[in-house]
Every structure is written in structure tokens, then in C-alpha cells.
file upload28.tsv (TSV, C-alpha atoms and all ligand atoms)
chain	number	residue	atom	x	y	z
Q	1	MET	CA	89.20	18.80	92.36
Q	2	ALA	CA	92.53	17.65	93.77
Q	3	LYS	CA	95.87	17.16	92.09
Q	4	ILE	CA	96.87	13.64	93.14
Q	5	ALA	CA	100.03	11.57	92.67
Q	6	PHE	CA	99.39	7.81	92.72
Q	7	ILE	CA	102.38	5.50	93.29
Q	8	GLY	CA	101.88	1.75	92.69
Q	9	LEU	CA	99.38	0.90	89.97
Q	10	GLY	CA	99.03	-2.87	90.49
Q	11	ASN	CA	95.93	-5.04	90.95
Q	12	MET	CA	94.52	-2.59	93.53
Q	13	GLY	CA	96.23	0.72	92.75
Q	14	SER	CA	95.23	0.72	89.09
Q	15	PRO	CA	91.43	0.58	89.58
Q	16	MET	CA	91.66	2.95	92.59
Q	17	ALA	CA	93.54	5.55	90.53
Q	18	ILE	CA	91.10	5.11	87.62
Q	19	ASN	CA	88.16	5.75	89.95
Q	20	LEU	CA	89.78	9.03	91.04
Q	21	VAL	CA	90.12	10.03	87.38
Q	22	ARG	CA	86.45	9.15	86.78
Q	23	LYS	CA	85.43	11.39	89.69
Q	24	GLY	CA	87.22	14.31	88.01
Q	25	HIS	CA	90.51	14.42	89.92
Q	26	GLU	CA	93.77	15.16	88.17
Q	27	VAL	CA	95.80	11.97	88.74
Q	28	THR	CA	99.43	11.43	87.79
Q	29	GLY	CA	100.58	7.85	88.32
Q	30	PHE	CA	103.85	5.99	88.52
Q	31	ASP	CA	104.62	2.27	88.63
Q	32	LEU	CA	107.78	0.29	88.00
Q	33	PHE	CA	105.84	-1.52	85.22
Q	34	PRO	CA	105.35	0.82	82.24
Q	35	GLU	CA	102.21	-1.14	81.16
Q	36	ALA	CA	100.55	-0.16	84.44
Q	37	VAL	CA	101.28	3.52	83.73
Q	38	THR	CA	99.86	3.16	80.20
Q	39	ARG	CA	96.65	1.66	81.66
Q	40	LEU	CA	96.14	4.84	83.70
Q	41	GLU	CA	96.87	7.06	80.68
Q	42	VAL	CA	94.30	5.16	78.59
Q	43	ALA	CA	91.74	5.83	81.35
Q	44	GLY	CA	92.39	9.59	81.24
Q	45	GLY	CA	95.12	9.99	83.89
Q	46	LYS	CA	98.68	11.19	83.37
Q	47	GLY	CA	101.73	8.95	83.43
Q	48	ALA	CA	105.05	9.83	85.05
Q	49	ALA	CA	108.50	8.39	84.46
Q	50	SER	CA	109.40	8.42	88.19
Q	51	ALA	CA	107.82	8.88	91.60
Q	52	GLU	CA	109.54	12.28	91.86
Q	53	GLN	CA	107.95	13.39	88.59
Q	54	ALA	CA	104.53	12.11	89.68
Q	55	VAL	CA	104.46	14.21	92.87
Q	56	THR	CA	105.38	17.51	91.17
Q	57	GLY	CA	102.54	19.94	91.91
Q	58	ALA	CA	100.43	17.33	93.74
Q	59	THR	CA	98.79	18.19	97.07
Q	60	ILE	CA	97.91	14.58	97.83
Q	61	VAL	CA	100.12	11.52	97.38
Q	62	ILE	CA	98.59	8.04	97.53
Q	63	SER	CA	100.72	4.91	97.62
Q	64	MET	CA	99.56	1.32	97.06
Q	65	LEU	CA	102.70	-0.80	97.31
Q	66	PRO	CA	103.31	-4.46	98.18
Q	67	SER	CA	105.04	-4.27	101.59
Q	68	GLY	CA	106.59	-2.17	104.35
Q	69	LYS	CA	109.99	-2.33	102.70
Q	70	HIS	CA	108.59	-0.79	99.49
Q	71	VAL	CA	106.89	1.97	101.51
Q	72	ALA	CA	110.01	2.76	103.58
Q	73	ASP	CA	112.15	2.73	100.40
Q	74	LEU	CA	109.80	5.19	98.68
Q	75	TYR	CA	109.37	7.75	101.48
Q	76	THR	CA	113.04	8.58	102.01
Q	77	ALA	CA	114.04	12.04	103.27
Q	78	GLU	CA	115.14	12.84	99.71
Q	79	PHE	CA	111.75	11.90	98.26
Q	80	LEU	CA	109.83	13.69	101.03
Q	81	SER	CA	111.79	16.85	100.20
Q	82	CYS	CA	110.44	16.67	96.60
Q	83	LEU	CA	106.82	16.97	97.82
Q	84	GLU	CA	104.93	20.27	97.80
Q	85	PRO	CA	104.97	21.82	101.33
Q	86	GLY	CA	102.14	20.47	103.48
Q	87	THR	CA	101.31	17.50	101.26
Q	88	LEU	CA	98.84	14.94	102.61
Q	89	ILE	CA	100.19	11.39	102.18
Q	90	VAL	CA	97.75	8.47	102.16
Q	91	ASP	CA	99.44	5.08	102.29
Q	92	SER	CA	96.92	2.36	101.45
Q	93	SER	CA	99.42	-0.52	101.31
Q	94	THR	CA	99.07	-3.22	103.98
Q	95	ILE	CA	102.28	-2.97	106.04
Q	96	ASP	CA	103.51	-3.31	109.62
Q	97	ALA	CA	102.41	-0.65	112.08
Q	98	ILE	CA	106.02	0.15	113.09
Q	99	THR	CA	106.95	1.21	109.54
Q	100	ALA	CA	103.66	3.09	109.18
Q	101	ARG	CA	104.38	5.10	112.35
Q	102	SER	CA	108.01	5.81	111.50
Q	103	VAL	CA	107.21	6.97	107.93
Q	104	ALA	CA	104.39	9.18	109.29
Q	105	ALA	CA	106.83	10.73	111.81
Q	106	ALA	CA	109.43	11.34	109.08
Q	107	ALA	CA	106.77	12.96	106.84
Q	108	GLU	CA	105.64	15.19	109.70
Q	109	LYS	CA	109.23	16.29	110.35
Q	110	MET	CA	109.40	17.46	106.73
Q	111	GLY	CA	106.19	19.50	107.07
Q	112	HIS	CA	103.76	16.97	105.59
Q	113	SER	CA	101.00	14.89	107.13
Q	114	MET	CA	100.31	11.21	106.66
Q	115	ILE	CA	97.59	8.67	107.34
Q	116	ASP	CA	97.77	4.89	107.02
Q	117	ALA	CA	94.65	3.84	105.12
Q	118	PRO	CA	94.83	0.13	104.21
Q	119	VAL	CA	91.80	-1.24	102.42
Q	120	SER	CA	89.52	-4.23	102.42
Q	121	GLY	CA	87.24	-5.35	99.60
Q	122	GLY	CA	89.61	-6.93	97.09
Q	123	THR	CA	90.10	-6.09	93.44
Q	124	ALA	CA	86.33	-6.20	92.80
Q	125	GLY	CA	85.81	-3.58	95.54
Q	126	ALA	CA	88.63	-1.47	94.07
Q	127	GLN	CA	87.01	-1.59	90.63
Q	128	ALA	CA	83.52	-0.83	91.91
Q	129	GLY	CA	84.73	1.98	94.22
Q	130	THR	CA	83.28	0.19	97.24
Q	131	LEU	CA	86.44	-0.37	99.29
Q	132	THR	CA	86.53	-0.15	103.06
Q	133	PHE	CA	89.29	2.19	104.29
Q	134	ILE	CA	90.71	1.56	107.76
Q	135	VAL	CA	92.47	4.71	108.82
Q	136	GLY	CA	95.19	5.47	111.37
Q	137	GLY	CA	96.07	9.11	111.92
Q	138	SER	CA	94.69	12.39	113.24
Q	139	ASN	CA	91.04	13.50	112.94
Q	140	GLU	CA	92.17	16.55	111.02
Q	141	ASP	CA	94.11	14.58	108.38
Q	142	LEU	CA	91.30	12.06	108.00
Q	143	GLU	CA	88.86	14.93	107.43
Q	144	LYS	CA	91.13	16.28	104.67
Q	145	ALA	CA	91.36	12.83	103.09
Q	146	GLN	CA	87.61	12.04	103.28
Q	147	PRO	CA	86.54	13.30	99.82
Q	148	ILE	CA	89.41	11.42	98.18
Q	149	LEU	CA	88.73	8.19	100.07
Q	150	GLN	CA	85.02	8.51	99.24
Q	151	ALA	CA	85.91	8.54	95.53
Q	152	MET	CA	87.40	5.05	95.92
Q	153	GLY	CA	85.42	3.49	98.74
Q	154	GLN	CA	82.15	3.20	100.58
Q	155	ASN	CA	83.09	2.69	104.24
Q	156	ILE	CA	85.69	4.74	106.07
Q	157	PHE	CA	86.66	3.77	109.62
Q	158	HIS	CA	88.95	5.68	111.96
Q	159	ALA	CA	90.81	3.00	113.93
Q	160	GLY	CA	92.95	5.41	116.03
Q	161	PRO	CA	96.31	7.24	115.81
Q	162	ALA	CA	99.06	6.51	113.23
Q	163	GLY	CA	99.59	2.76	112.71
Q	164	SER	CA	96.15	1.76	114.04
Q	165	GLY	CA	94.72	1.27	110.56
Q	166	GLN	CA	97.43	-1.30	109.90
Q	167	VAL	CA	96.78	-3.16	113.17
Q	168	ALA	CA	93.04	-3.41	112.38
Q	169	LYS	CA	93.78	-4.49	108.82
Q	170	ILE	CA	96.07	-7.39	109.79
Q	171	CYS	CA	93.48	-8.60	112.34
Q	172	ASN	CA	90.98	-8.67	109.46
Q	173	ASN	CA	93.32	-10.43	107.05
Q	174	MET	CA	94.36	-13.09	109.54
Q	175	LEU	CA	90.67	-13.92	109.97
Q	176	LEU	CA	90.18	-13.82	106.18
Q	177	ALA	CA	92.97	-16.38	105.65
Q	178	ILE	CA	91.48	-18.63	108.32
Q	179	HIS	CA	87.95	-18.57	106.88
Q	180	MET	CA	89.22	-18.98	103.31
Q	181	ILE	CA	91.04	-22.16	104.38
Q	182	GLY	CA	88.01	-23.35	106.38
Q	183	THR	CA	85.67	-22.66	103.46
Q	184	SER	CA	87.99	-24.50	101.05
Q	185	GLU	CA	88.23	-27.47	103.40
Q	186	ALA	CA	84.43	-27.69	103.70
Q	187	LEU	CA	83.79	-27.35	99.94
Q	188	ASN	CA	86.41	-30.00	99.09
Q	189	LEU	CA	84.85	-32.36	101.63
Q	190	GLY	CA	81.34	-31.93	100.23
Q	191	VAL	CA	82.40	-32.20	96.60
Q	192	LYS	CA	84.46	-35.36	97.26
Q	193	HIS	CA	81.27	-36.80	98.74
Q	194	GLY	CA	79.50	-36.09	95.46
Q	195	LEU	CA	77.83	-32.75	96.24
Q	196	ASP	CA	77.56	-29.98	93.66
Q	197	PRO	CA	79.77	-27.06	94.86
Q	198	LYS	CA	77.12	-24.49	93.82
Q	199	ILE	CA	74.35	-26.27	95.75
Q	200	LEU	CA	76.62	-26.77	98.79
Q	201	SER	CA	77.66	-23.10	98.71
Q	202	GLY	CA	73.99	-22.06	98.52
Q	203	ILE	CA	73.19	-24.23	101.56
Q	204	ILE	CA	76.05	-22.86	103.67
Q	205	GLN	CA	75.24	-19.28	102.63
Q	206	LYS	CA	71.89	-19.68	104.40
Q	207	SER	CA	73.35	-21.65	107.33
Q	208	SER	CA	75.65	-20.97	110.25
Q	209	GLY	CA	78.87	-21.54	108.28
Q	210	ARG	CA	78.28	-18.48	106.07
Q	211	ASN	CA	81.21	-16.12	105.61
Q	212	TRP	CA	82.73	-13.65	103.10
Q	213	SER	CA	85.05	-16.21	101.43
Q	214	LEU	CA	82.03	-18.35	100.61
Q	215	GLU	CA	79.56	-15.60	99.72
Q	216	VAL	CA	81.67	-13.07	97.85
Q	217	TYR	CA	84.94	-14.76	96.88
Q	218	ASN	CA	84.03	-18.43	96.49
Q	219	PRO	CA	87.25	-20.46	96.00
Q	220	PHE	CA	85.59	-23.20	93.93
Q	221	PRO	CA	85.89	-22.58	90.14
Q	222	GLY	CA	82.56	-21.85	88.45
Q	223	VAL	CA	80.48	-21.33	91.60
Q	224	MET	CA	80.50	-17.53	91.18
Q	225	GLU	CA	81.20	-15.33	88.18
Q	226	ASN	CA	83.89	-12.69	88.36
Q	227	THR	CA	85.93	-14.34	91.12
Q	228	PRO	CA	89.62	-15.22	90.76
Q	229	ALA	CA	88.61	-18.93	91.08
Q	230	SER	CA	86.55	-18.61	87.91
Q	231	ARG	CA	89.45	-17.10	85.93
Q	232	GLY	CA	92.27	-19.48	86.85
Q	233	TYR	CA	93.08	-17.74	90.17
Q	234	THR	CA	94.43	-14.64	88.41
Q	235	GLY	CA	93.95	-10.93	89.12
Q	236	GLY	CA	93.13	-11.10	92.82
Q	237	PHE	CA	95.06	-11.04	96.08
Q	238	ALA	CA	98.31	-12.97	95.69
Q	239	VAL	CA	99.32	-15.89	97.95
Q	240	ASP	CA	102.62	-14.05	98.59
Q	241	LEU	CA	100.70	-10.98	99.84
Q	242	MET	CA	98.54	-13.10	102.16
Q	243	THR	CA	101.72	-14.77	103.45
Q	244	LYS	CA	103.13	-11.29	104.16
Q	245	ASP	CA	99.97	-10.24	106.04
Q	246	LEU	CA	99.92	-13.44	108.12
Q	247	GLY	CA	103.57	-12.84	109.01
Q	248	LEU	CA	102.65	-9.31	110.13
Q	249	ALA	CA	99.74	-10.59	112.23
Q	250	ILE	CA	101.84	-13.25	113.95
Q	251	ALA	CA	104.67	-10.79	114.63
Q	252	ALA	CA	102.12	-8.35	116.10
Q	253	GLY	CA	100.76	-11.16	118.30
Q	254	THR	CA	104.23	-12.16	119.50
Q	255	GLU	CA	105.06	-8.53	120.30
Q	256	ILE	CA	102.32	-8.36	122.94
Q	257	GLN	CA	101.93	-12.09	123.75
Q	258	SER	CA	98.55	-12.53	122.08
Q	259	ALA	CA	98.04	-16.14	120.91
Q	260	THR	CA	97.56	-16.72	117.16
Q	261	PRO	CA	97.57	-20.54	116.72
Q	262	LEU	CA	95.22	-20.61	113.70
Q	263	GLY	CA	97.04	-17.67	112.15
Q	264	LYS	CA	100.28	-19.67	112.41
Q	265	MET	CA	98.66	-22.72	110.79
Q	266	ALA	CA	97.31	-20.54	108.00
Q	267	LEU	CA	100.79	-19.07	107.48
Q	268	ASP	CA	102.31	-22.57	107.20
Q	269	LEU	CA	99.75	-23.58	104.56
Q	270	TYR	CA	100.23	-20.40	102.53
Q	271	LEU	CA	104.04	-20.62	102.79
Q	272	SER	CA	103.99	-24.20	101.48
Q	273	TRP	CA	101.61	-23.28	98.65
Q	274	GLY	CA	103.78	-20.29	97.69
Q	275	ALA	CA	106.92	-22.45	97.79
Q	276	ALA	CA	105.20	-24.91	95.43
Q	277	GLY	CA	105.20	-22.16	92.78
Q	278	HIS	CA	101.82	-20.53	93.47
Q	279	GLY	CA	102.97	-17.29	95.13
Q	280	LYS	CA	101.47	-15.10	92.39
Q	281	ASP	CA	98.14	-16.98	92.25
Q	282	ASP	CA	95.12	-15.63	94.08
Q	283	PHE	CA	94.96	-16.70	97.74
Q	284	SER	CA	91.68	-18.60	97.16
Q	285	SER	CA	93.78	-21.14	95.18
Q	286	VAL	CA	94.62	-22.65	98.60
Q	287	ILE	CA	91.61	-24.91	97.88
Q	288	GLN	CA	93.79	-26.68	95.28
Q	289	PHE	CA	96.58	-27.13	97.82
Q	290	LEU	CA	94.18	-28.73	100.31
Q	291	ASN	CA	92.97	-31.02	97.53
Q	292	GLN	CA	96.50	-32.39	97.22
Q	293	GLN	CA	96.92	-33.05	100.97
Q	294	LEU	CA	96.33	-36.66	102.05
Q	301	LIG	P1	100.43	-5.66	93.18
Q	301	LIG	O1	101.68	-6.43	93.32
Q	301	LIG	O2	99.43	-6.04	92.14
Q	301	LIG	O3	100.78	-4.09	92.95
Q	301	LIG	C1	101.82	-3.41	93.56
Q	301	LIG	C2	102.42	-2.48	92.51
Q	301	LIG	O4	103.40	-1.67	93.13
Q	301	LIG	C3	103.11	-3.24	91.36
Q	301	LIG	O5	102.51	-2.87	90.13
Q	301	LIG	C4	104.57	-2.80	91.47
Q	301	LIG	O6	105.20	-2.65	90.20
Q	301	LIG	C5	104.41	-1.44	92.14
Q	301	LIG	N1	105.62	-0.96	92.80
Q	301	LIG	C6	106.44	-1.61	93.69
Q	301	LIG	N2	107.42	-0.77	94.10
Q	301	LIG	C7	107.20	0.42	93.49
Q	301	LIG	C8	107.85	1.68	93.51
Q	301	LIG	N3	108.94	1.89	94.25
Q	301	LIG	N4	107.36	2.68	92.76
Q	301	LIG	C9	106.25	2.48	91.99
Q	301	LIG	N5	105.58	1.32	91.92
Q	301	LIG	C10	106.06	0.30	92.67
Q	301	LIG	O7	99.76	-5.65	94.63
Q	301	LIG	P2	98.23	-5.31	94.98
Q	301	LIG	O8	97.44	-6.57	94.95
Q	301	LIG	O9	97.80	-4.11	94.21
Q	301	LIG	O10	98.40	-4.93	96.53
Q	301	LIG	C11	98.97	-3.68	96.95
Q	301	LIG	C12	98.79	-3.58	98.46
Q	301	LIG	O11	97.41	-3.64	98.79
Q	301	LIG	C13	99.50	-4.70	99.24
Q	301	LIG	O12	100.04	-4.17	100.41
Q	301	LIG	C14	98.35	-5.66	99.55
Q	301	LIG	O13	98.61	-6.41	100.72
Q	301	LIG	C15	97.18	-4.71	99.71
Q	301	LIG	N6	95.85	-5.26	99.42
Q	301	LIG	C16	95.63	-6.03	98.32
Q	301	LIG	C17	94.34	-6.53	98.07
Q	301	LIG	C18	94.05	-7.38	96.85
Q	301	LIG	O14	92.95	-7.98	96.80
Q	301	LIG	N7	94.94	-7.49	95.88
Q	301	LIG	C19	93.29	-6.23	98.94
Q	301	LIG	C20	93.54	-5.41	100.04
Q	301	LIG	C21	94.83	-4.93	100.27
call {"tool": "encode", "arguments": {"input": "upload28.tsv", "output": "C-alpha cells"}}
result
Amino acid sequence: MAKIAFIGLGNMGSPMAINLVRKGHEVTGFDLFPEAVTRLEVAGGKGAASAEQAVTGATIVISMLPSGKHVADLYTAEFLSCLEPGTLIVDSSTIDAITARSVAAAAEKMGHSMIDAPVSGGTAGAQAGTLTFIVGGSNEDLEKAQPILQAMGQNIFHAGPAGSGQVAKICNNMLLAIHMIGTSEALNLGVKHGLDPKILSGIIQKSSGRNWSLEVYNPFPGVMENTPASRGYTGGFAVDLMTKDLGLAIAAGTEIQSATPLGKMALDLYLSWGAAGHGKDDFSSVIQFLNQQL
């Protein structure tokens, strides 16, 4: 069993770290919020008072942080010098590919190895240990990481060299934002015409409009149990995080002149909804924003 340091115990990191504990790994976690550290301790992990303390003696470091800035700020030369020689770093945050590549190069210079391994599957997938990992890095490092990733997820894809996991992930999330908005638009339309949202969702699930937002993460309150929509849009994937991912996708498109018109529209909608005070709500709450448009 591995000795793992886990940095960032938020909506995703917390259940991922707890799954590692359940599979018998020795996990020491750190988060800026002490309550998040306590949650890991209650589940049988160890808490640390700093990232430096968490990595002492660990052979694997996993980070699950909000953005590229957080990742770059964590993996400074000073912090990398605190790691055990030859540590494998797995960054599962969704960030820009440029930061992912530069942090991986800095880690390598200090004698460590690093993969970018962003995830898909949401908080429910993190809790159930069924996440999809989308990996960028070498075959050898992915092979080393496999047993650890398998303890938290079901599907592991190798997208290519360092940074490729992040590129694939933002392609996925841009599409997710677009079909969440489309699903919300369709459900609002049907309900305003007097349809029951559960019946309408059931119809579309067996028709050509079916998609993940509708089938797994329905944005209409009460249609599905255990979705953010059915608990006041809490505990899911924040509007601010989706806004970040859409920004990354559009920047990546601009970089190589690949058109992203729907991605840009989705970004505008999410920016407006975040600016209206809903940045911390789950991204499926965009259905409420659309309800107010007219
Ligand atoms: P979150 O905001 O719930 O958690 C992030 C945690 O990182 C917070 O608890 C914060 O205190 C902690 N943190 C920030 N800086 C830190 C530091 N220097 N040291 C220690 N802890 C620090 O976010 P989340 O929803 O868990 O998402 C994390 C990442 O996963 C993001 O990049 C997001 O885009 C991605 N993601 C989220 C989901 C989802 O459904 N929530 C799904 C797939 C991917």
C-alpha cells in the first residue's frame, strides 16, 4: 500500500482521498479549510497542518486544486525540494495545458515525475470511486499511477504526453456546458408549456436529445434524487469552476484558431450567472438563469 499526500480536500478531493483510505492506502491530507482536513481524519486518514508536512515520507502526491494558479503556487521549487526523491506527482485539477507542462518540467528537473490526470464524473463519481481519469504524461509514469487511479476511478485514458490530459478535459467540459444549457433550455420550454419535467426527461432520455446532463445530472429540481438540483444546487461543480474551464477552452481555441462559438456563448451565460451572485452554486443552476431571461 502506498504512502500518499493529498492536497486540496474540496468537493472532489475529499471523497477521492477517502476512497484511497478505504482501499487501505496511508493518506495524509492538507487543505486550507481545517474542516476539510477533519473530514479526512474522521474517515481514517491523517491530517497535516501544511502541504510540506503532508508530503513528508510520501511517495505519491495528489493535488486537486481549483485552478492553474493554485497548482503553480503549490509546486514551487521550494516545495518540490521538500518531496522525497523520485516522488510521483498526480495533478487531478482541471487547469491550462501550459501550466501543466511547465510544472511537470519543473518537477522532472528536481528528480520527480508528474502526470496531469484531470477527472470527469462529478462529485457523485468521486464518491462512488467511478471517476474517469484523462492522463497526460509518459507510459511509465501512468503505469506507476494505475493502482492509485484505479482506487478512485473506473476508466483511465492516456491522452498523450504532458498537458494532453488537460486539453482532452477542457474539450469535454466545453461540450458539457453546452449540453447543460441546451438541456435546461429544453426542460424550461416544456415545463412552461405545462409538461411534467420528469415525464419530459423520460421522453428525451429515450429520444435523440438524450445526453449526460439530462440522464445523470438533471438540472430540474426533483426529477432525479441525489443531484445538486435536488439539494438547492449545492455540493456539485461550481459555476465559477465551469466559467474557468470555458475560459481555458476558448483560450486553447484561440491559440490554434479553432472556432468555439457555442463555447463563447456558454461562457457569457455562466459569467453573467456568476456575476449575479451564483458563482458558488452548482453549474446546473443555469436553468434558473435561463428562466429569468425574456
Ligand atoms: P473545491 O473548491 O470544492 O475544492 C478545492 C479545494 O482546494 C478547496 O477545499 C480549497 O480550500 C483547497 N485549496 C486551494 N488552495 C489550496 C492550497 N494551496 N493548499 C491546500 N488546499 C488548497 O473544488 P472542486 O469542486 O473539488 O474542484 C477541484 C478541481 O477539480 C477543479 O480544478 C475543478 O475544475 C475540477 N473538477 C471538479 C468537478 C466537480 O464536479 N466539482 C468535476 C471534475 C473536475
call {"tool": "residues_near_ligand", "arguments": {"input": "upload28.tsv", "ligand": "ligand LIG 301 (chain Q)", "cutoff": "8 Å", "atoms": "all atoms listed in the file", "output": "PyMOL selection string"}}
result
chain Q and resi 7-14+30-33+36+50-51+64-68+70-71+73-74+92-95+118-124+235-238+241-242+244-245
call {"tool": "residues_around", "arguments": {"input": "upload28.tsv", "residues": "region 206-219 of chain Q", "least_positions_apart": "4", "cutoff": "12 Å", "atoms": "only C-alpha atoms", "output": "MDAnalysis selection string"}}
result
chainID Q and resid 120:125 172:173 175:188 197:202 223:234 236:237 282:290
call {"tool": "atom_distance", "arguments": {"input": "upload28.tsv", "atom1": "CA of Leu149 (chain Q)", "atom2": "CA of Ile134 (chain Q)"}}
result
10.3 Å
call {"tool": "residues_around", "arguments": {"input": "upload28.tsv", "residues": "Ala251 (chain Q)", "least_positions_apart": "2", "cutoff": "12 Å", "atoms": "all atoms listed in the file", "output": "PyMOL selection string"}}
result
chain Q and resi 95-98+167+170-171+174+244-249+253-260+263-264+267
call {"tool": "closest_residue", "arguments": {"input": "upload28.tsv", "among": "Q:Ala128, Q:Ala105, Q:Ala48, Q:Ala252", "to": "Asn19 (chain Q)", "atoms": "only C-alpha atoms"}}
result
Q:Ala128
call {"tool": "atom_distance", "arguments": {"input": "upload28.tsv", "atom1": "CA of Thr59 (chain Q)", "atom2": "CA of Tyr75 (chain Q)"}}
result
15.5 Å
call {"tool": "atom_distance", "arguments": {"input": "upload28.tsv", "atom1": "CA of Ser102 (chain Q)", "atom2": "CA of Ala58 (chain Q)"}}
result
22.5 Å
call {"tool": "residues_around", "arguments": {"input": "upload28.tsv", "residues": "Met16 (chain Q)", "least_positions_apart": "5", "cutoff": "7 Å", "atoms": "only C-alpha atoms", "output": "VMD selection string"}}
result
chain Q and resid 126 to 127 152
call {"tool": "write_last_selection", "arguments": {"input": "upload28.tsv", "atoms": "C-alpha atoms", "output": "PDB file, in the coordinates of the input"}}
result
ATOM      1  CA  ALA Q 126      88.630  -1.470  94.070  1.00  0.00           C
ATOM      2  CA  GLN Q 127      87.010  -1.590  90.630  1.00  0.00           C
ATOM      3  CA  MET Q 152      87.400   5.050  95.920  1.00  0.00           C
TER       4      MET Q 152
END
call {"tool": "closest_residue", "arguments": {"input": "upload28.tsv", "among": "Q:Ala168, Q:Ala106, Q:Ala117, Q:Leu271", "to": "Gly153 (chain Q)", "atoms": "all atoms listed in the file"}}
result
Q:Ala117
call {"tool": "closest_residue", "arguments": {"input": "upload28.tsv", "among": "Q:Ile204, Q:Ala266, Q:Gly129, Q:Asp281", "to": "Val21 (chain Q)", "atoms": "all atoms listed in the file"}}
result
Q:Gly129
call {"tool": "closest_residue", "arguments": {"input": "upload28.tsv", "among": "Q:Thr38, Q:Ser272, Q:Thr243, Q:Thr132", "to": "Gly165 (chain Q)", "atoms": "all atoms listed in the file"}}
result
Q:Thr132
call {"tool": "closest_residue", "arguments": {"input": "upload28.tsv", "among": "Q:Val61, Q:Ala5, Q:Leu80, Q:Leu20", "to": "Gly47 (chain Q)", "atoms": "only C-alpha atoms"}}
result
Q:Ala5
call {"tool": "residues_around", "arguments": {"input": "upload28.tsv", "residues": "Gly44 (chain Q)", "least_positions_apart": "5", "cutoff": "12 Å", "atoms": "all atoms listed in the file", "output": "NGL selection string"}}
result
:Q and (17-29 or 37-39)
call {"tool": "decode", "arguments": {"input": "upload28.tsv", "residues": "region 54-68 of chain Q", "atoms": "N, CA and C atoms", "output": "tab-separated table (two decimals), in the first residue's frame"}}
result
chain	number	residue	atom	x	y	z
Q	54	ALA	N	2.35	17.43	4.89
Q	54	ALA	CA	1.62	16.31	4.28
Q	54	ALA	C	2.53	15.43	3.41
Q	55	VAL	N	3.51	16.03	2.74
Q	55	VAL	CA	4.32	15.25	1.79
Q	55	VAL	C	5.49	14.51	2.46
Q	56	THR	N	5.71	14.75	3.74
Q	56	THR	CA	6.83	14.10	4.42
Q	56	THR	C	6.65	12.58	4.39
Q	57	GLY	N	7.59	11.90	3.77
Q	57	GLY	CA	7.56	10.43	3.71
Q	57	GLY	C	6.67	9.86	2.61
Q	58	ALA	N	5.94	10.72	1.89
Q	58	ALA	CA	5.03	10.21	0.85
Q	58	ALA	C	5.78	9.90	-0.43
Q	59	THR	N	5.36	8.85	-1.14
Q	59	THR	CA	5.98	8.53	-2.43
Q	59	THR	C	5.11	9.02	-3.59
Q	60	ILE	N	3.86	9.32	-3.24
Q	60	ILE	CA	2.93	9.85	-4.26
Q	60	ILE	C	2.25	11.09	-3.70
Q	61	VAL	N	2.19	12.14	-4.51
Q	61	VAL	CA	1.48	13.36	-4.11
Q	61	VAL	C	0.35	13.58	-5.11
Q	62	ILE	N	-0.86	13.73	-4.60
Q	62	ILE	CA	-2.01	14.02	-5.48
Q	62	ILE	C	-2.52	15.41	-5.13
Q	63	SER	N	-2.79	16.23	-6.15
Q	63	SER	CA	-3.37	17.54	-5.87
Q	63	SER	C	-4.70	17.68	-6.61
Q	64	MET	N	-5.66	18.31	-5.94
Q	64	MET	CA	-7.00	18.54	-6.51
Q	64	MET	C	-7.41	19.95	-6.14
Q	65	LEU	N	-6.87	20.91	-6.91
Q	65	LEU	CA	-6.99	22.33	-6.58
Q	65	LEU	C	-7.86	23.05	-7.61
Q	66	PRO	N	-8.35	24.25	-7.28
Q	66	PRO	CA	-9.29	24.91	-8.18
Q	66	PRO	C	-8.73	25.25	-9.57
Q	67	SER	N	-7.55	25.88	-9.64
Q	67	SER	CA	-7.12	26.41	-10.95
Q	67	SER	C	-5.61	26.31	-11.14
Q	68	GLY	N	-5.16	26.71	-12.35
Q	68	GLY	CA	-3.74	26.67	-12.68
Q	68	GLY	C	-2.90	27.50	-11.73
